[in-house]
>>> print(open('entry_1.cif').read())   # mmCIF, C-alpha atoms and all ligand atoms
data_coords
#
loop_
_atom_site.label_atom_id
_atom_site.label_comp_id
_atom_site.auth_asym_id
_atom_site.auth_seq_id
_atom_site.Cartn_x
_atom_site.Cartn_y
_atom_site.Cartn_z
CA MET A 1 36.93 114.62 55.78
CA SER A 2 40.20 112.73 56.14
CA GLN A 3 43.50 114.55 55.55
CA PRO A 4 45.49 113.59 52.41
CA SER A 5 48.09 111.01 53.46
CA GLU A 6 51.76 111.97 53.43
CA SER A 7 52.85 108.38 53.00
CA ILE A 8 54.60 107.71 49.71
CA GLY A 9 52.69 104.47 49.12
CA ASP A 10 49.31 106.07 49.68
CA ARG A 11 50.24 109.03 47.49
CA TYR A 12 51.45 106.75 44.70
CA GLN A 13 48.19 104.83 44.75
CA GLN A 14 46.09 107.99 44.69
CA GLU A 15 48.15 109.90 42.15
CA THR A 16 48.34 107.08 39.62
CA LYS A 17 44.59 106.43 39.51
CA TYR A 18 42.87 106.82 36.16
CA PHE A 19 39.93 109.21 36.08
CA ARG A 20 37.76 109.93 33.07
CA ASN A 21 39.12 113.48 32.93
CA ARG A 22 42.70 112.56 33.90
CA MET A 23 44.27 109.64 32.12
CA GLY A 24 47.90 110.75 32.20
CA GLY A 25 48.53 109.33 28.73
CA GLY A 26 49.19 111.47 25.66
CA PHE A 27 51.47 111.34 22.66
CA LEU A 28 53.45 108.12 22.22
CA ASP A 29 56.76 108.50 20.44
CA TRP A 30 56.95 105.14 18.63
CA SER A 31 60.50 105.91 17.47
CA LYS A 32 61.53 105.71 21.15
CA GLN A 33 59.72 102.48 22.03
CA PRO A 34 62.20 100.48 24.11
CA GLU A 35 63.22 96.94 23.10
CA THR A 36 61.26 94.22 24.91
CA HIS A 37 64.36 92.16 25.70
CA LYS A 38 67.93 92.74 26.72
CA ARG A 39 71.22 91.43 25.34
CA CYS A 40 73.91 91.67 28.05
CA GLU A 41 76.96 93.50 26.67
CA GLY A 42 79.41 92.04 29.17
CA ARG A 43 78.43 88.39 28.64
CA GLN A 44 81.24 85.85 28.70
CA GLY A 45 79.43 83.33 26.52
CA GLU A 46 76.07 81.82 25.62
CA ILE A 47 74.54 78.44 26.38
CA ASN A 48 71.68 77.10 24.28
CA LEU A 49 68.98 75.59 26.48
CA PRO A 50 67.36 72.24 25.62
CA GLU A 51 64.21 72.49 23.49
CA PRO A 52 61.25 72.91 25.88
CA GLN A 53 58.07 70.83 25.71
CA GLY A 54 55.01 72.78 24.61
CA GLU A 55 52.48 69.98 25.09
CA GLY A 56 51.44 67.31 27.57
CA GLY A 57 52.25 67.09 31.25
CA GLU A 58 50.04 66.96 34.32
CA PRO A 59 46.43 68.27 34.15
CA VAL A 60 46.28 71.93 35.15
CA TRP A 61 43.82 71.19 38.00
CA THR A 62 46.25 68.74 39.58
CA VAL A 63 49.08 71.23 39.24
CA ILE A 64 47.07 74.06 40.84
CA ARG A 65 45.93 71.86 43.73
CA ARG A 66 49.46 70.58 44.38
CA ARG A 67 51.18 74.01 44.22
CA ARG A 68 52.74 75.00 47.53
CA SER A 69 55.72 77.12 48.62
CA ALA A 70 58.69 74.88 49.44
CA ARG A 71 61.73 76.16 51.31
CA GLU A 72 63.58 72.92 52.15
CA PHE A 73 65.60 71.61 49.23
CA THR A 74 67.75 68.50 48.86
CA ARG A 75 71.32 68.83 47.63
CA GLU A 76 70.43 67.06 44.38
CA PRO A 77 70.71 69.37 41.34
CA ILE A 78 67.83 70.00 38.97
CA SER A 79 68.56 69.17 35.32
CA LEU A 80 69.18 71.64 32.52
CA THR A 81 66.06 70.26 30.81
CA GLN A 82 63.97 71.12 33.89
CA LEU A 83 65.51 74.59 34.07
CA SER A 84 64.78 75.13 30.38
CA GLN A 85 61.16 74.10 30.90
CA LEU A 86 60.75 76.49 33.86
CA LEU A 87 62.19 79.40 31.87
CA TRP A 88 59.93 78.62 28.92
CA ALA A 89 56.92 78.51 31.24
CA ILE A 90 57.65 81.99 32.59
CA GLN A 91 58.88 83.88 29.54
CA GLY A 92 59.02 81.55 26.56
CA ILE A 93 57.80 82.88 23.23
CA THR A 94 54.56 81.05 22.49
CA HIS A 95 53.10 83.08 19.60
CA THR A 96 54.24 85.39 16.80
CA GLU A 97 51.92 87.73 14.90
CA PHE A 98 52.74 90.60 12.48
CA GLY A 99 56.36 90.51 13.63
CA TYR A 100 55.43 90.81 17.33
CA THR A 101 56.25 88.02 19.75
CA PHE A 102 53.99 87.04 22.63
CA ARG A 103 55.02 85.07 25.69
CA ALA A 104 53.74 82.47 28.12
CA CYS A 105 52.75 85.18 30.64
CA PRO A 106 50.61 88.21 29.89
CA SER A 107 52.18 91.68 30.03
CA ALA A 108 50.53 95.12 30.10
CA GLY A 109 50.73 96.51 26.57
CA ALA A 110 52.94 93.54 25.59
CA LEU A 111 55.88 95.67 26.76
CA TYR A 112 57.52 92.89 28.80
CA PRO A 113 59.46 94.97 31.37
CA ILE A 114 60.74 91.96 33.38
CA GLU A 115 64.17 90.38 32.81
CA THR A 116 65.30 87.12 34.40
CA TYR A 117 68.74 86.53 35.92
CA LEU A 118 69.82 83.25 37.49
CA VAL A 119 72.13 82.61 40.41
CA VAL A 120 73.00 78.97 39.79
CA ASN A 121 74.12 77.02 42.85
CA HIS A 122 73.86 73.48 41.46
CA VAL A 123 72.21 72.67 38.14
CA GLU A 124 73.31 69.61 36.14
CA GLY A 125 75.44 70.71 33.18
CA LEU A 126 75.92 74.31 34.33
CA MET A 127 78.82 75.85 36.24
CA PRO A 128 77.75 77.72 39.36
CA GLY A 129 77.50 81.42 38.54
CA VAL A 130 75.33 84.30 37.46
CA TYR A 131 73.44 84.06 34.17
CA HIS A 132 70.87 86.04 32.22
CA PHE A 133 68.02 84.47 30.25
CA TYR A 134 68.10 85.74 26.65
CA ILE A 135 64.49 85.12 25.64
CA PRO A 136 64.59 85.46 21.81
CA GLU A 137 67.11 82.59 21.46
CA HIS A 138 66.09 80.61 24.57
CA GLN A 139 69.68 80.96 25.73
CA LEU A 140 71.56 81.65 28.91
CA GLU A 141 74.18 84.37 28.86
CA VAL A 142 77.10 83.76 31.22
CA LEU A 143 77.74 86.85 33.36
CA ALA A 144 79.99 85.55 36.15
CA GLN A 145 81.33 82.16 37.22
CA GLY A 146 81.75 80.94 40.79
CA SER A 147 79.57 80.18 43.78
CA PHE A 148 77.35 83.06 44.91
CA SER A 149 75.07 80.97 47.16
CA ARG A 150 76.15 82.82 50.33
CA GLU A 151 75.79 86.25 48.71
CA ILE A 152 72.31 85.55 47.32
CA SER A 153 71.12 84.13 50.64
CA GLU A 154 72.46 87.14 52.56
CA ALA A 155 70.81 89.46 50.03
CA ALA A 156 67.52 87.61 50.68
CA LEU A 157 67.61 88.80 54.31
CA GLY A 158 69.56 85.69 55.23
CA GLN A 159 66.87 83.26 54.07
CA ASP A 160 68.62 79.90 53.90
CA MET A 161 66.43 78.57 51.10
CA ALA A 162 68.35 80.80 48.65
CA ARG A 163 71.64 79.19 49.70
CA ARG A 164 70.29 75.64 49.47
CA ALA A 165 68.29 76.13 46.26
CA SER A 166 69.46 74.61 43.03
CA VAL A 167 68.90 77.99 41.38
CA VAL A 168 67.60 81.39 42.42
CA LEU A 169 65.75 83.35 39.75
CA VAL A 170 66.08 87.11 40.04
CA TRP A 171 63.49 89.26 38.28
CA THR A 172 64.35 92.83 37.43
CA ALA A 173 62.27 95.56 35.81
CA VAL A 174 63.60 97.66 32.95
CA VAL A 175 61.46 100.55 34.11
CA GLN A 176 61.42 102.63 30.93
CA ARG A 177 59.74 99.83 28.97
CA SER A 178 56.56 100.44 30.95
CA LYS A 179 57.00 104.15 31.67
CA TRP A 180 57.37 104.86 27.95
CA LYS A 181 53.65 104.19 27.59
CA TYR A 182 52.12 104.35 31.06
CA LYS A 183 54.27 107.00 32.81
CA GLU A 184 54.24 106.62 36.62
CA ARG A 185 51.32 104.17 36.48
CA GLY A 186 53.75 101.82 34.74
CA TYR A 187 55.12 100.71 38.12
CA ARG A 188 51.76 99.14 38.94
CA TYR A 189 51.97 97.06 35.78
CA ILE A 190 55.57 96.09 36.44
CA TYR A 191 54.60 94.50 39.75
CA LEU A 192 51.53 92.85 38.25
CA ASP A 193 53.65 91.42 35.41
CA ALA A 194 56.14 90.05 37.95
CA GLY A 195 53.28 88.39 39.83
CA HIS A 196 52.12 86.59 36.71
CA ILE A 197 55.64 85.34 36.09
CA GLY A 198 55.94 84.16 39.68
CA GLN A 199 52.71 82.21 39.42
CA ASN A 200 53.70 80.53 36.15
CA LEU A 201 56.95 79.50 37.82
CA TYR A 202 55.04 78.03 40.77
CA LEU A 203 52.76 76.07 38.45
CA ALA A 204 55.57 74.83 36.22
CA ALA A 205 57.59 73.76 39.27
CA SER A 206 54.52 71.97 40.62
CA ALA A 207 54.05 70.19 37.27
CA LEU A 208 57.70 69.05 37.35
CA GLU A 209 57.42 68.04 41.03
CA LEU A 210 60.09 70.56 41.99
CA GLY A 211 60.01 72.84 45.03
CA CYS A 212 59.73 76.59 44.63
CA CYS A 213 59.23 79.67 46.78
CA THR A 214 59.02 83.26 45.61
CA ILE A 215 60.93 85.89 47.58
CA GLY A 216 59.93 89.49 48.15
CA ALA A 217 62.10 90.02 51.23
CA LEU A 218 65.43 91.16 49.82
CA PHE A 219 68.06 93.87 50.11
CA ASP A 220 67.51 95.51 46.74
CA GLU A 221 70.95 97.03 46.21
CA GLU A 222 72.77 93.85 47.27
CA VAL A 223 70.85 91.87 44.66
CA ASN A 224 71.33 94.59 42.03
CA GLY A 225 75.07 94.59 42.71
CA LEU A 226 75.30 90.81 42.42
CA ILE A 227 73.66 90.67 38.99
CA GLY A 228 75.23 93.91 37.76
CA VAL A 229 72.27 96.27 37.25
CA ASP A 230 72.18 99.93 38.31
CA GLY A 231 69.07 99.84 40.54
CA GLU A 232 67.49 102.80 38.74
CA GLU A 233 66.98 102.11 35.04
CA GLU A 234 66.86 98.41 35.90
CA THR A 235 66.16 97.13 39.38
CA VAL A 236 65.26 93.90 41.14
CA VAL A 237 61.56 93.45 41.96
CA TYR A 238 61.15 89.80 42.95
CA MET A 239 63.06 86.50 43.23
CA ALA A 240 62.36 82.78 43.53
CA ALA A 241 64.26 79.80 44.90
CA VAL A 242 63.88 76.46 43.06
CA GLY A 243 65.16 73.03 43.94
CA LYS A 244 64.42 69.37 44.44
CA VAL A 245 62.36 68.36 47.44
CA GLU A 246 62.11 65.11 49.42
CA GLY A 247 59.48 62.64 48.40
C1 LIG B 301 54.91 88.66 46.77
C2 LIG B 301 55.35 87.47 47.59
C3 LIG B 301 56.50 87.54 48.32
C4 LIG B 301 56.92 86.44 49.09
N1 LIG B 301 58.12 86.51 49.76
C5 LIG B 301 58.50 85.47 50.51
C6 LIG B 301 59.75 85.51 51.19
O1 LIG B 301 60.53 86.46 51.11
N2 LIG B 301 60.08 84.42 51.96
C7 LIG B 301 59.26 83.32 52.09
O2 LIG B 301 59.63 82.39 52.79
N3 LIG B 301 58.09 83.24 51.40
C8 LIG B 301 57.69 84.28 50.61
N4 LIG B 301 56.53 84.19 49.91
C9 LIG B 301 55.71 82.96 49.95
C10 LIG B 301 54.51 83.11 50.89
O3 LIG B 301 54.94 83.12 52.23
C11 LIG B 301 53.53 81.95 50.62
O4 LIG B 301 53.00 82.05 49.32
C12 LIG B 301 52.37 81.95 51.64
O5 LIG B 301 52.83 81.63 52.92
C13 LIG B 301 51.27 80.97 51.25
O6 LIG B 301 51.78 79.65 51.16
P1 LIG B 301 51.69 78.77 49.83
O7 LIG B 301 52.46 79.51 48.75
O8 LIG B 301 52.30 77.45 50.15
O9 LIG B 301 50.25 78.67 49.43
C14 LIG B 301 56.12 85.26 49.13
C15 LIG B 301 54.96 85.19 48.34
C16 LIG B 301 54.58 86.28 47.59
C17 LIG B 301 53.34 86.17 46.72
#
>>> encode(input="entry_1.cif", output="structure tokens")
Amino acid sequence: MSQPSESIGDRYQQETKYFRNRMGGGFLDWSKQPETHKRCEGRQGEINLPEPQGEGGEPVWTVIRRRRSAREFTREPISLTQLSQLLWAIQGITHTEFGYTFRACPSAGALYPIETYLVVNHVEGLMPGVYHFYIPEHQLEVLAQGSFSREISEAALGQDMARRASVVLVWTAVVQRSKWKYKERGYRYIYLDAGHIGQNLYLAASALELGCCTIGALFDEEVNGLIGVDGEEETVVYMAAVGKVEG
């Protein structure tokens, strides 16, 4: 019989399995259910995004076939309309029922633990800076102004695509949103949720003929510091570079 592994990853996988006699659930305190979105206290202003399109576009089969990771971007900025469409495709509210809102991507328990921040390098109609996507109003919150292209690229293990991108999306997890219901198993769902969001971004970028590449190789605390989250209650899980490509 093999020895139990001491590795933290192996232990996490084993200890968060569901068994018929061990589900790890229990009493849910509904009075403590966390909000499913965040309003940034320190925001310097808000920018309403253009109304996104909810119909039309390229056939989904074409978009799936054409999807590819792109890491070489031109210096041409993407438009605010394109950015708005990408954000709607990943986290836009697409359905409301009994006072609950549902989004473009699925989420375990509809708890929506993922927040989106943007490091804008060059987007038409936006100053370079750090922003947060406020989902309920389809708005950007301004967190910091200035160019952070070097910082975001260095935080992505020096990957140059983050410096050359029109915008880098940074996805964080507000951990308690998932842990409130799923306890430690919630981390599994956080990463799965982030994967869905990443794929919708890829497909939306493909439909708009933009380049996109998701990024898992990053220095967590450098990214957390740049967007102003503590790395414990809320921490980066994934990023993506988006920009225009030749052709
Ligand atoms: C979870 C995840 C993390 C990734 N991280 C990086 C990354 O840090 N840098 C990079 O250049 N590509 C990254 N990629 C993109 C993959 O390298 C790419 O999807 C793979 O080579 C397949 O190519 P394709 O996307 O064009 O089909 C990542 C993809 C995923 C799904």
>>> residues_near_ligand(input="entry_1.cif", ligand="ligand LIG 301 (chain B)", cutoff="10 Å", atoms="all atoms listed in the file", output="PyMOL selection string")
chain A and resi 65-71+156-162+191+194-195+198-199+202+212-218+237-241
>>> closest_residue(input="entry_1.cif", among="A:Gly231, A:Gly243, A:Pro34, A:Gly99", to="Glu124 in chain A", atoms="only C-alpha atoms")
A:Gly243
>>> residues_around(input="entry_1.cif", residues="Val245 in chain A", least_positions_apart="4", cutoff="10 Å", atoms="all atoms listed in the file", output="list of chain:residue names")
A:Ala70, A:Arg71, A:Glu72, A:Phe73, A:Thr74, A:Arg75, A:Glu76, A:Ala165, A:Glu209, A:Leu210, A:Gly211, A:Cys212
>>> atom_distance(input="entry_1.cif", atom1="CA of Ser206 in chain A", atom2="CA of Gln53 in chain A")
15.4 Å
>>> atom_distance(input="entry_1.cif", atom1="CA of Tyr134 in chain A", atom2="CA of Ala108 in chain A")
20.2 Å
>>> atom_distance(input="entry_1.cif", atom1="CA of Val242 in chain A", atom2="CA of Gly129 in chain A")
15.2 Å
>>> residues_around(input="entry_1.cif", residues="Arg188 in chain A", least_positions_apart="3", cutoff="10 Å", atoms="all atoms listed in the file", output="list of chain:residue names")
A:Tyr12, A:Gln13, A:Thr16, A:Ala108, A:Ser178, A:Tyr182, A:Glu184, A:Arg185, A:Tyr191, A:Leu192, A:Asp193
>>> residues_around(input="entry_1.cif", residues="Ala144 in chain A", least_positions_apart="5", cutoff="8 Å", atoms="only C-alpha atoms", output="PDB file with C-alpha atoms, in the coordinates of the input")
ATOM      1  CA  GLN A  44      81.240  85.850  28.700  1.00  0.00           C
ATOM      2  CA  GLY A 129      77.500  81.420  38.540  1.00  0.00           C
ATOM      3  CA  VAL A 130      75.330  84.300  37.460  1.00  0.00           C
ATOM      4  CA  TYR A 131      73.440  84.060  34.170  1.00  0.00           C
TER       5      TYR A 131
END
>>> closest_residue(input="entry_1.cif", among="A:Cys40, A:Gly45, A:Leu201, A:Phe19", to="Ser84 in chain A", atoms="all atoms listed in the file")
A:Leu201
>>> closest_residue(input="entry_1.cif", among="A:Ser166, A:Gln176, A:Gln85, A:Gln91", to="Ala104 in chain A", atoms="all atoms listed in the file")
A:Gln91
>>> residues_around(input="entry_1.cif", residues="range 149-152 of chain A", least_positions_apart="5", cutoff="8 Å", atoms="all atoms listed in the file", output="VMD selection string")
chain A and resid 119 to 121 162 to 164 168 223 226
>>> residues_near_point(input="entry_1.cif", point="(76.0, 88.1, 27.7)", cutoff="12 Å", atoms="all atoms listed in the file", output="list in words")
Lys38, Arg39, Cys40, Glu41, Gly42, Arg43, Gln44, Gly45, Glu46, Ile47, Tyr117, Val130, Tyr131, His132, Phe133, Tyr134, Gln139, Leu140, Glu141, Val142, Leu143, Ala144, Ile227 and Gly228 of chain A
>>> residues_around(input="entry_1.cif", residues="Asn224 in chain A", least_positions_apart="2", cutoff="10 Å", atoms="all atoms listed in the file", output="VMD selection string")
chain A and resid 155 170 172 219 to 222 226 to 232 234 to 237
>>> write_last_selection(input="entry_1.cif", atoms="C-alpha atoms", output="PDB file, in the frame of the given file")
ATOM      1  CA  ALA A 155      70.810  89.460  50.030  1.00  0.00           C
ATOM      2  CA  VAL A 170      66.080  87.110  40.040  1.00  0.00           C
ATOM      3  CA  THR A 172      64.350  92.830  37.430  1.00  0.00           C
ATOM      4  CA  PHE A 219      68.060  93.870  50.110  1.00  0.00           C
ATOM      5  CA  ASP A 220      67.510  95.510  46.740  1.00  0.00           C
ATOM      6  CA  GLU A 221      70.950  97.030  46.210  1.00  0.00           C
ATOM      7  CA  GLU A 222      72.770  93.850  47.270  1.00  0.00           C
ATOM      8  CA  LEU A 226      75.300  90.810  42.420  1.00  0.00           C
ATOM      9  CA  ILE A 227      73.660  90.670  38.990  1.00  0.00           C
ATOM     10  CA  GLY A 228      75.230  93.910  37.760  1.00  0.00           C
ATOM     11  CA  VAL A 229      72.270  96.270  37.250  1.00  0.00           C
ATOM     12  CA  ASP A 230      72.180  99.930  38.310  1.00  0.00           C
ATOM     13  CA  GLY A 231      69.070  99.840  40.540  1.00  0.00           C
ATOM     14  CA  GLU A 232      67.490 102.800  38.740  1.00  0.00           C
ATOM     15  CA  GLU A 234      66.860  98.410  35.900  1.00  0.00           C
ATOM     16  CA  THR A 235      66.160  97.130  39.380  1.00  0.00           C
ATOM     17  CA  VAL A 236      65.260  93.900  41.140  1.00  0.00           C
ATOM     18  CA  VAL A 237      61.560  93.450  41.960  1.00  0.00           C
TER      19      VAL A 237
END
>>> closest_residue(input="entry_1.cif", among="A:Ile93, A:Val175, A:Ile197, A:Val123", to="Gly54 in chain A", atoms="only C-alpha atoms")
A:Ile93
>>> closest_residue(input="entry_1.cif", among="A:Leu126, A:Leu28, A:Leu86, A:Ile8", to="Gly146 in chain A", atoms="all atoms listed in the file")
A:Leu126
>>> closest_residue(input="entry_1.cif", among="A:Pro106, A:Pro136, A:Pro113, A:Gly9", to="Leu49 in chain A", atoms="all atoms listed in the file")
A:Pro136
